[in-house]
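Q: My structure is below; once you've seen it, I'll send some questions.
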Amino acid sequence: QLHIVESGGGMVQPGGSLRLSCTSSGFTLRYYAIGWFRQAPGKEREGISCIAPSSDTTTKYVDSVKGRFTISRDNAKNTVYLQMNSLKPEDTADYYCAADPLFTTCRGDSGLQVGDFASWGQGTQVTVFA
C-alpha cells in the first residue's frame, strides 16, 4: 500500500493562505490520481479536489473551494500541492491526501468520493480563526 504523508497545515486568520503538500517515499505519485479531502469535527469526510494521473491535467473541485483552492503537481519533487487562498473559518478541518492507481479516477464522475481512493495519509490540521 502506498505510504502517503501530508504536511503544511497550521493556524491562519480568515483571508490567509496555506499550502498543503502530499508526498510519498518509494512511489511515483505522477502515476496516481491524487485527491484532497477534509473532515471537520462531527462531520463526514468531504472530497474537495482531485487531479488525474499521468499527463492528464484534469482537475476537479467541490463548489465551496472553487476559485480559492488550486491542486497541482511537482513531479520533480514527487509532490502534490493544495494551495488554499482566501481561507474561511468553515475551512477548518483535518485535511487528507489520498491516492489511487486507476486510470479512471478523477475522470468522469469519480474523484471526490472517499471510495474512489485506495490509499490515505494520516492528515494535517488546518485551523482558520479570527
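In the C-alpha cells, each chain is lettered A, B, ... as it comes, each chain's residues begin at 1, and ligands are numbered from 1 in order of appearance.
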With a distance cut-off of 9 Å and only C-alpha atoms, select the neighbouring residues of Phe103 of chain A, excluding the residue or stretch itself and same-chain residues fewer than 4 positions from it, and output the selection as a list of chain:residue names.
A: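 The neighbour list is A:Tyr31, A:Tyr32, A:Ala33, A:Ala52, A:Pro53, A:Ser54, A:Arg107.
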Q: Go through A:Leu29, A:Leu18, A:Val12, A:Val126 and flag the residue nearest Tyr96 of chain A, using only C-alpha atoms for the distances.
A: A:Val126
Q: Do you know which residues are at most 8 Å from Ile4 of chain A counting only C-alpha atoms, after dropping those on the same chain fewer than 6 positions away, and could you put them as number ranges by chain?
A: A: 22-25, 97-98, 119-122
Q: Identify which of the residues A:Thr92, A:Thr59, A:Ser21, A:Ser49 lies closest to Gly35 of chain A, counting only C-alpha atoms when measuring atom-to-atom distances.
A: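 Among the listed residues, A:Ser49 lies closest to Gly35 of chain A.
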Q: Excluding Thr127 of chain A and its own-chain neighbours fewer than 3 positions away, which residues fall within 9 Å of it when counting only C-alpha atoms? Please give them as an NGL selection string.
A: :A and (9-13 or 89 or 91-94)
Q: Can you pull out every residue from chain A that DSSP, working from the backbone, puts in strand (DSSP E or B), and format the result as a PyMOL selection string?
A: chain A and resi 4-7+10-12+18-24+33-39+46-51+59-61+69-74+79-84+93-100+119-120+124-128
Q: What's the 12 Å shell around Lys43 of chain A, counting only C-alpha atoms, without same-chain residues fewer than 2 positions away, as a PDB file with N, CA, C and O atoms, in the first residue's frame?
A:
ATOM      1  N   ARG A  38     -11.256  16.601   3.323  1.00  0.00           N
ATOM      2  CA  ARG A  38     -11.193  17.219   4.645  1.00  0.00           C
ATOM      3  C   ARG A  38     -12.332  16.701   5.513  1.00  0.00           C
ATOM      4  O   ARG A  38     -13.373  16.290   5.005  1.00  0.00           O
ATOM      5  N   GLN A  39     -12.099  16.750   6.812  1.00  0.00           N
ATOM      6  CA  GLN A  39     -13.103  16.289   7.762  1.00  0.00           C
ATOM      7  C   GLN A  39     -13.114  17.227   8.949  1.00  0.00           C
ATOM      8  O   GLN A  39     -12.124  17.314   9.686  1.00  0.00           O
ATOM      9  N   ALA A  40     -14.225  17.914   9.116  1.00  0.00           N
ATOM     10  CA  ALA A  40     -14.410  18.796  10.269  1.00  0.00           C
ATOM     11  C   ALA A  40     -14.998  17.987  11.420  1.00  0.00           C
ATOM     12  O   ALA A  40     -15.620  16.943  11.202  1.00  0.00           O
ATOM     13  N   PRO A  41     -14.818  18.441  12.660  1.00  0.00           N
ATOM     14  CA  PRO A  41     -15.365  17.709  13.813  1.00  0.00           C
ATOM     15  C   PRO A  41     -16.856  17.473  13.673  1.00  0.00           C
ATOM     16  O   PRO A  41     -17.623  18.396  13.373  1.00  0.00           O
ATOM     17  N   ARG A  45     -16.235  12.941   6.070  1.00  0.00           N
ATOM     18  CA  ARG A  45     -15.099  13.325   5.240  1.00  0.00           C
ATOM     19  C   ARG A  45     -15.618  13.767   3.880  1.00  0.00           C
ATOM     20  O   ARG A  45     -16.438  13.094   3.261  1.00  0.00           O
ATOM     21  N   GLU A  46     -15.102  14.903   3.418  1.00  0.00           N
ATOM     22  CA  GLU A  46     -15.597  15.556   2.206  1.00  0.00           C
ATOM     23  C   GLU A  46     -14.480  15.647   1.173  1.00  0.00           C
ATOM     24  O   GLU A  46     -13.374  16.116   1.496  1.00  0.00           O
ATOM     25  N   GLU A  90     -14.917  28.258   8.032  1.00  0.00           N
ATOM     26  CA  GLU A  90     -15.542  26.980   7.688  1.00  0.00           C
ATOM     27  C   GLU A  90     -14.602  26.032   6.954  1.00  0.00           C
ATOM     28  O   GLU A  90     -14.963  24.876   6.693  1.00  0.00           O
ATOM     29  N   THR A  92     -11.891  25.156   8.367  1.00  0.00           N
ATOM     30  CA  THR A  92     -11.228  24.468   9.472  1.00  0.00           C
ATOM     31  C   THR A  92     -11.572  22.987   9.458  1.00  0.00           C
ATOM     32  O   THR A  92     -12.757  22.619   9.447  1.00  0.00           O
ATOM     33  N   ALA A  93     -10.551  22.135   9.411  1.00  0.00           N
ATOM     34  CA  ALA A  93     -10.759  20.687   9.331  1.00  0.00           C
ATOM     35  C   ALA A  93      -9.401  19.991   9.344  1.00  0.00           C
ATOM     36  O   ALA A  93      -8.353  20.631   9.227  1.00  0.00           O
ATOM     37  N   ASP A  94      -9.454  18.691   9.463  1.00  0.00           N
ATOM     38  CA  ASP A  94      -8.284  17.860   9.163  1.00  0.00           C
ATOM     39  C   ASP A  94      -8.307  17.571   7.671  1.00  0.00           C
ATOM     40  O   ASP A  94      -9.340  17.172   7.125  1.00  0.00           O
TER      41      ASP A  94
END
Q: Please determine, counting only C-alpha atoms, which residue among A:Val114, A:Ala99, A:Leu87, A:Val62 has the shortest atom-to-atom distance to Arg30 of chain A.
A: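 Nearest to Arg30 of chain A: A:Ala99.
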Q: Mind giving me the straight-line distance from atom CA of Gly108 of chain A to atom CA of Thr58 of chain A in Å, one decimal?
A: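 Between these atoms lies a distance of 9.9 Å.
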Q: Rounded to one decimal place, report the atom CA of Gly15 of chain A-atom CA of Cys50 of chain A distance in Å.
A: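 Value for the atom CA of Gly15 of chain A-atom CA of Cys50 of chain A distance: 22.9 Å.
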Q: Identify all residues of segment 19-123 of chain A in helix (DSSP H, G or I) (DSSP on the backbone) and supply them as a list in words.
A: Leu29, Arg30, Tyr31, Asp63, Ser64, Val65, Asn75, Ala76, Lys77, Pro89, Glu90, Asp91, Val114, Gly115 and Asp116 of chain A
Q: Keeping only all heavy atoms, write the selected residues to a file as a compact mmCIF listing (two decimals), in the first residue's frame.
A:
# COMPACT_ATOMS: atom_id res chain seq x y z
N LEU A 29 4.26 9.52 -7.53
CA LEU A 29 2.87 9.99 -7.44
C LEU A 29 2.29 10.40 -8.78
O LEU A 29 1.07 10.44 -8.92
CB LEU A 29 2.78 11.15 -6.45
CG LEU A 29 2.98 10.80 -4.98
CD1 LEU A 29 2.76 12.02 -4.10
CD2 LEU A 29 2.07 9.66 -4.54
N ARG A 30 3.11 10.70 -9.76
CA ARG A 30 2.52 11.17 -11.02
C ARG A 30 1.72 10.06 -11.70
O ARG A 30 0.89 10.34 -12.57
CB ARG A 30 3.58 11.71 -11.97
CG ARG A 30 4.52 10.69 -12.59
CD ARG A 30 5.39 11.37 -13.64
NE ARG A 30 6.31 10.46 -14.28
CZ ARG A 30 7.56 10.31 -13.92
NH1 ARG A 30 8.03 10.99 -12.89
NH2 ARG A 30 8.34 9.47 -14.57
N TYR A 31 1.93 8.81 -11.31
CA TYR A 31 1.17 7.70 -11.90
C TYR A 31 -0.14 7.44 -11.17
O TYR A 31 -0.87 6.52 -11.52
CB TYR A 31 2.02 6.44 -11.92
CG TYR A 31 3.28 6.58 -12.74
CD1 TYR A 31 4.53 6.27 -12.20
CD2 TYR A 31 3.22 7.04 -14.05
CE1 TYR A 31 5.69 6.41 -12.96
CE2 TYR A 31 4.38 7.17 -14.81
CZ TYR A 31 5.60 6.86 -14.26
OH TYR A 31 6.73 7.00 -15.02
N ASP A 63 -17.67 22.79 -5.08
CA ASP A 63 -18.07 24.18 -5.30
C ASP A 63 -17.58 25.12 -4.20
O ASP A 63 -17.24 26.27 -4.47
CB ASP A 63 -19.60 24.27 -5.39
CG ASP A 63 -20.13 23.72 -6.71
OD1 ASP A 63 -19.33 23.51 -7.65
OD2 ASP A 63 -21.36 23.51 -6.80
N SER A 64 -17.53 24.65 -2.97
CA SER A 64 -17.18 25.53 -1.85
C SER A 64 -15.74 26.04 -1.89
O SER A 64 -15.41 26.99 -1.18
CB SER A 64 -17.44 24.82 -0.52
OG SER A 64 -16.65 23.65 -0.43
N VAL A 65 -14.88 25.41 -2.69
CA VAL A 65 -13.48 25.85 -2.75
C VAL A 65 -13.07 26.35 -4.12
O VAL A 65 -11.94 26.82 -4.29
CB VAL A 65 -12.51 24.73 -2.29
CG1 VAL A 65 -12.92 24.18 -0.94
CG2 VAL A 65 -12.41 23.62 -3.33
N ASN A 75 6.26 17.06 -10.30
CA ASN A 75 6.74 15.70 -10.48
C ASN A 75 8.21 15.56 -10.09
O ASN A 75 8.64 14.49 -9.62
CB ASN A 75 6.52 15.25 -11.92
CG ASN A 75 5.05 15.08 -12.25
OD1 ASN A 75 4.24 14.78 -11.37
ND2 ASN A 75 4.70 15.29 -13.50
N ALA A 76 8.99 16.61 -10.27
CA ALA A 76 10.40 16.55 -9.90
C ALA A 76 10.57 16.34 -8.39
O ALA A 76 11.55 15.73 -7.94
CB ALA A 76 11.12 17.81 -10.34
N LYS A 77 9.62 16.85 -7.62
CA LYS A 77 9.67 16.69 -6.16
C LYS A 77 8.75 15.58 -5.68
O LYS A 77 8.63 15.37 -4.46
CB LYS A 77 9.29 18.01 -5.49
CG LYS A 77 10.27 19.14 -5.76
CD LYS A 77 9.88 20.41 -5.02
CE LYS A 77 10.91 21.51 -5.25
NZ LYS A 77 10.55 22.77 -4.55
N PRO A 89 -13.28 30.54 8.13
CA PRO A 89 -13.41 29.68 9.32
C PRO A 89 -14.02 28.31 9.00
O PRO A 89 -13.64 27.31 9.62
CB PRO A 89 -14.30 30.50 10.24
CG PRO A 89 -14.01 31.92 9.87
CD PRO A 89 -13.79 31.89 8.38
N GLU A 90 -14.92 28.26 8.03
CA GLU A 90 -15.54 26.98 7.69
C GLU A 90 -14.60 26.03 6.95
O GLU A 90 -14.96 24.88 6.69
CB GLU A 90 -16.81 27.20 6.85
CG GLU A 90 -16.63 28.10 5.64
CD GLU A 90 -17.05 29.54 5.93
OE1 GLU A 90 -16.69 30.07 7.02
OE2 GLU A 90 -17.70 30.14 5.05
N ASP A 91 -13.40 26.49 6.61
CA ASP A 91 -12.39 25.60 6.04
C ASP A 91 -11.63 24.83 7.13
O ASP A 91 -10.82 23.95 6.80
CB ASP A 91 -11.39 26.40 5.20
CG ASP A 91 -12.02 27.03 3.97
OD1 ASP A 91 -12.83 26.36 3.30
OD2 ASP A 91 -11.67 28.19 3.68
N VAL A 114 -14.92 9.34 -1.12
CA VAL A 114 -13.96 8.60 -0.31
C VAL A 114 -13.66 7.25 -0.95
O VAL A 114 -12.52 6.80 -1.00
CB VAL A 114 -14.49 8.43 1.13
CG1 VAL A 114 -13.61 7.45 1.91
CG2 VAL A 114 -14.54 9.77 1.84
N GLY A 115 -14.67 6.58 -1.47
CA GLY A 115 -14.50 5.25 -2.04
C GLY A 115 -13.72 5.22 -3.34
O GLY A 115 -13.38 4.14 -3.83
N ASP A 116 -13.41 6.38 -3.91
CA ASP A 116 -12.64 6.42 -5.16
C ASP A 116 -11.15 6.19 -4.93
O ASP A 116 -10.41 5.99 -5.89
CB ASP A 116 -12.82 7.78 -5.84
CG ASP A 116 -14.24 8.01 -6.34
OD1 ASP A 116 -14.94 7.02 -6.63
OD2 ASP A 116 -14.65 9.19 -6.42
